[in-house]
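final-v9.pdb (PDB, C-alpha atoms)
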```pdb
ATOM      1  CA  MET A1365     -16.159  -2.058  -3.487
ATOM      2  CA  GLN A1366     -12.572  -3.161  -4.091
ATOM      3  CA  ARG A1367      -9.723  -3.336  -1.580
ATOM      4  CA  THR A1368      -6.111  -2.489  -2.185
ATOM      5  CA  PHE A1369      -2.990  -2.298  -0.068
ATOM      6  CA  SER A1370      -0.689   0.668   0.381
ATOM      7  CA  ILE A1371       2.396   1.636   2.354
ATOM      8  CA  ILE A1372       3.545   5.125   3.181
ATOM      9  CA  LYS A1373       7.266   4.454   2.964
ATOM     10  CA  PRO A1374       9.985   5.413   5.484
ATOM     11  CA  ASP A1375      11.122   8.497   3.542
ATOM     12  CA  ALA A1376       7.649  10.060   3.586
ATOM     13  CA  VAL A1377       7.067   9.162   7.257
ATOM     14  CA  ARG A1378      10.490  10.566   8.207
ATOM     15  CA  LYS A1379       9.814  13.836   6.326
ATOM     16  CA  GLY A1380       6.399  14.286   7.966
ATOM     17  CA  PHE A1381       4.344  13.746   4.792
ATOM     18  CA  ALA A1382       2.083  10.955   6.102
ATOM     19  CA  ALA A1383      -0.861  13.219   7.008
ATOM     20  CA  ASP A1384      -0.671  14.992   3.641
ATOM     21  CA  ILE A1385      -0.618  11.655   1.786
ATOM     22  CA  LEU A1386      -3.584  10.380   3.810
ATOM     23  CA  SER A1387      -5.401  13.615   2.981
ATOM     24  CA  GLU A1388      -4.775  13.078  -0.751
ATOM     25  CA  MET A1389      -6.201   9.566  -0.444
ATOM     26  CA  ASP A1390      -9.267  10.896   1.365
ATOM     27  CA  LYS A1391      -9.830  13.587  -1.290
ATOM     28  CA  ALA A1392      -9.651  10.870  -3.956
ATOM     29  CA  GLY A1393     -12.477   8.971  -2.235
ATOM     30  CA  PHE A1394     -10.509   6.174  -0.564
ATOM     31  CA  LYS A1395     -11.803   4.814   2.738
ATOM     32  CA  ILE A1396      -9.264   3.440   5.199
ATOM     33  CA  PHE A1397     -10.394  -0.051   6.154
ATOM     34  CA  ALA A1398      -7.324  -0.890   8.291
ATOM     35  CA  ILE A1399      -4.180   1.040   9.179
ATOM     36  CA  LYS A1400      -1.116   0.631  11.367
ATOM     37  CA  LYS A1401       2.222   2.284  11.878
ATOM     38  CA  MET A1402       5.033  -0.213  12.223
ATOM     39  CA  PHE A1403       8.681  -0.994  11.632
ATOM     40  CA  LEU A1404       9.738  -3.698   9.169
ATOM     41  CA  SER A1405      12.778  -5.805   9.928
ATOM     42  CA  LYS A1406      15.109  -6.474   7.002
ATOM     43  CA  THR A1407      13.823 -10.079   6.947
ATOM     44  CA  GLN A1408      10.191  -8.918   6.801
ATOM     45  CA  ALA A1409      11.029  -6.502   3.983
ATOM     46  CA  GLN A1410      12.788  -9.313   2.100
ATOM     47  CA  GLY A1411       9.696 -11.513   2.469
ATOM     48  CA  PHE A1412       7.390  -8.768   1.266
ATOM     49  CA  TYR A1413       9.553  -7.970  -1.770
ATOM     50  CA  ALA A1414      10.542 -11.615  -2.478
ATOM     51  CA  VAL A1415       9.258 -11.242  -6.044
ATOM     52  CA  HIS A1416      12.220  -8.891  -6.628
ATOM     53  CA  ALA A1417      14.835 -11.120  -4.925
ATOM     54  CA  HIS A1418      16.888 -11.560  -8.094
ATOM     55  CA  ARG A1419      16.750  -7.910  -9.134
ATOM     56  CA  PRO A1420      19.858  -5.730  -8.641
ATOM     57  CA  PHE A1421      17.959  -3.239  -6.434
ATOM     58  CA  PHE A1422      16.635  -5.880  -3.972
ATOM     59  CA  ASP A1423      19.198  -5.277  -1.209
ATOM     60  CA  SER A1424      18.958  -1.488  -1.326
ATOM     61  CA  LEU A1425      15.138  -1.665  -1.475
ATOM     62  CA  THR A1426      14.844  -3.945   1.539
ATOM     63  CA  SER A1427      17.441  -1.907   3.465
ATOM     64  CA  PHE A1428      15.474   1.254   2.725
ATOM     65  CA  MET A1429      12.128  -0.296   3.659
ATOM     66  CA  SER A1430      13.580  -1.403   7.014
ATOM     67  CA  SER A1431      15.227   1.979   7.693
ATOM     68  CA  GLY A1432      12.319   3.551   9.574
ATOM     69  CA  SER A1433       8.626   3.452  10.348
ATOM     70  CA  ILE A1434       6.039   2.745   7.674
ATOM     71  CA  ILE A1435       2.286   3.112   7.602
ATOM     72  CA  ALA A1436       0.568   0.034   6.186
ATOM     73  CA  MET A1437      -3.079   0.255   5.185
ATOM     74  CA  VAL A1438      -5.969  -1.425   3.466
ATOM     75  CA  LEU A1439      -7.987   0.986   1.361
ATOM     76  CA  GLU A1440     -11.462   0.573  -0.118
ATOM     77  CA  LYS A1441     -13.062   2.210  -3.114
ATOM     78  CA  ASP A1442     -14.662   1.235  -6.404
ATOM     79  CA  ASN A1443     -11.740   0.558  -8.768
ATOM     80  CA  ALA A1444      -9.332   0.989  -5.823
ATOM     81  CA  ILE A1445      -6.275  -0.667  -7.364
ATOM     82  CA  ALA A1446      -6.223   1.320 -10.611
ATOM     83  CA  ASP A1447      -7.287   4.548  -8.912
ATOM     84  CA  LEU A1448      -4.520   4.297  -6.310
ATOM     85  CA  ARG A1449      -1.929   3.562  -9.003
ATOM     86  CA  LYS A1450      -3.042   6.708 -10.839
ATOM     87  CA  LEU A1451      -2.985   8.795  -7.640
ATOM     88  CA  MET A1452       0.493   7.517  -6.749
ATOM     89  CA  GLY A1453       2.030   8.489 -10.087
ATOM     90  CA  ALA A1454       5.016   7.016 -11.908
ATOM     91  CA  THR A1455       7.603   5.072  -9.887
ATOM     92  CA  ASN A1456      10.188   7.682 -10.800
ATOM     93  CA  PRO A1457       8.871  10.982  -9.383
ATOM     94  CA  ALA A1458      10.640  12.874 -12.196
ATOM     95  CA  ASN A1459       8.201  11.178 -14.602
ATOM     96  CA  ALA A1460       5.110  11.490 -12.387
ATOM     97  CA  GLU A1461       2.220  13.722 -13.395
ATOM     98  CA  ALA A1462       1.563  16.955 -11.495
ATOM     99  CA  GLY A1463      -0.714  16.432  -8.516
ATOM    100  CA  THR A1464       0.271  12.807  -7.917
ATOM    101  CA  ILE A1465       1.620  11.693  -4.561
ATOM    102  CA  ARG A1466       5.054  10.880  -5.936
ATOM    103  CA  LYS A1467       5.352  14.200  -7.778
ATOM    104  CA  GLN A1468       4.503  16.049  -4.565
ATOM    105  CA  PHE A1469       6.264  13.971  -1.892
ATOM    106  CA  ALA A1470       8.887  11.621  -3.391
ATOM    107  CA  GLY A1471      12.579  12.389  -3.596
ATOM    108  CA  SER A1472      13.883   9.677  -5.919
ATOM    109  CA  ILE A1473      13.008   6.502  -7.773
ATOM    110  CA  GLU A1474      13.845   4.427  -4.670
ATOM    111  CA  GLU A1475      12.619   6.823  -1.986
ATOM    112  CA  ASN A1476       9.319   7.351  -3.738
ATOM    113  CA  ALA A1477       6.991   7.877  -0.754
ATOM    114  CA  ILE A1478       4.345   5.223  -1.390
ATOM    115  CA  HIS A1479       3.667   1.647  -2.422
ATOM    116  CA  GLY A1480       0.416   0.375  -3.860
ATOM    117  CA  SER A1481      -0.733  -3.032  -5.061
ATOM    118  CA  ASP A1482      -0.707  -3.506  -8.825
ATOM    119  CA  ALA A1483      -3.351  -6.253  -9.177
ATOM    120  CA  GLU A1484      -6.036  -8.106  -7.205
ATOM    121  CA  ASP A1485      -3.851 -11.140  -6.473
ATOM    122  CA  THR A1486      -0.997  -8.883  -5.354
ATOM    123  CA  ALA A1487      -3.366  -6.911  -3.110
ATOM    124  CA  ALA A1488      -4.641 -10.133  -1.499
ATOM    125  CA  PHE A1489      -1.078 -11.299  -0.757
ATOM    126  CA  GLU A1490       0.041  -7.891   0.536
ATOM    127  CA  ILE A1491      -3.011  -7.393   2.767
ATOM    128  CA  GLY A1492      -2.478 -10.859   4.262
ATOM    129  CA  TYR A1493       1.235 -10.176   4.774
ATOM    130  CA  PHE A1494       0.525  -7.179   7.003
ATOM    131  CA  PHE A1495      -2.923  -7.778   8.495
ATOM    132  CA  ALA A1496      -4.318 -10.820  10.302
ATOM    133  CA  GLY A1497      -7.878 -11.805   9.443
ATOM    134  CA  TYR A1498      -9.238 -10.546  12.779
ATOM    135  CA  GLU A1499      -7.867  -7.067  11.963
ATOM    136  CA  LEU A1500     -10.038  -6.930   8.848
ATOM    137  CA  VAL A1501     -13.443  -7.637  10.373
TER     138      VAL A1501
END
```

What is this structure when it is put down as structure tokens?
Amino acid sequence: MQRTFSIIKPDAVRKGFAADILSEMDKAGFKIFAIKKMFLSKTQAQGFYAVHAHRPFFDSLTSFMSSGSIIAMVLEKDNAIADLRKLMGATNPANAEAGTIRKQFAGSIEENAIHGSDAEDTAAFEIGYFFAGYELV
């Protein structure tokens, strides 16, 4: 069993798509190990996306991620990281395959509904950023 981290982003929460996205995850065999709805401050968003600090989209990304509620979660499944990436679809929803979360629920390359870890080390960092150890027992 592998764990991955995911965020339902502010655009999807604001548009009322969270339940539909969770349903897609359930249908794909993901088990929710931990989940919480929260609001990220701009500083928290900057810390989470620090790897992108020198990219031109960093300020708009962190402003967007702190613009409303998010749903942070730890998901479990065999091959969870790769399977979630496939379920999410391409970063740009215009390029995403039919049936993927981004094709169904995302509005743009920035407001693309969902985040998912891209590797085991990334997942470990992201899970620890949002969940204390006692929340994962």

Please write as a PyMOL selection string the full residue list that the PyMOL selection byres ((chain A and resi 1464) around 9) yields on this file. chain A and resi 1388+1450-1454+1457+1460-1463+1465-1469

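Using all atoms listed in the file, the nearest neighbour of Gly1480 of chain A within the list A:Met1389, A:Ser1405, A:Met1365, A:Gly1497 is A:Met1389.
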
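Every protein, DNA or RNA residue with an atom at most 8 Å from Leu1404 of chain A, where only C-alpha atoms count and chain neighbours fewer than 4 positions away do not, is listed here: A:Gln1408, A:Ala1409, A:Met1429, A:Ser1430, A:Gly1432, A:Ser1433, A:Ile1434.
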
Skipping near chain neighbours, those fewer than 2 positions away, what residues fall within 9 Å of Ile1371 of chain A using only C-alpha atoms, listed as number ranges by chain? A: 1369, 1373, 1434-1438, 1477-1480

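Between Ala1398 of chain A and the candidates A:Thr1486, A:Thr1455, A:Ser1427, A:Ser1370, the tightest atom-to-atom separation, counting all atoms listed in the file, involves A:Ser1370.
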
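Put simply, atom CA of Lys1391 of chain A is 13.4 Å away from atom CA of Ala1444 of chain A.
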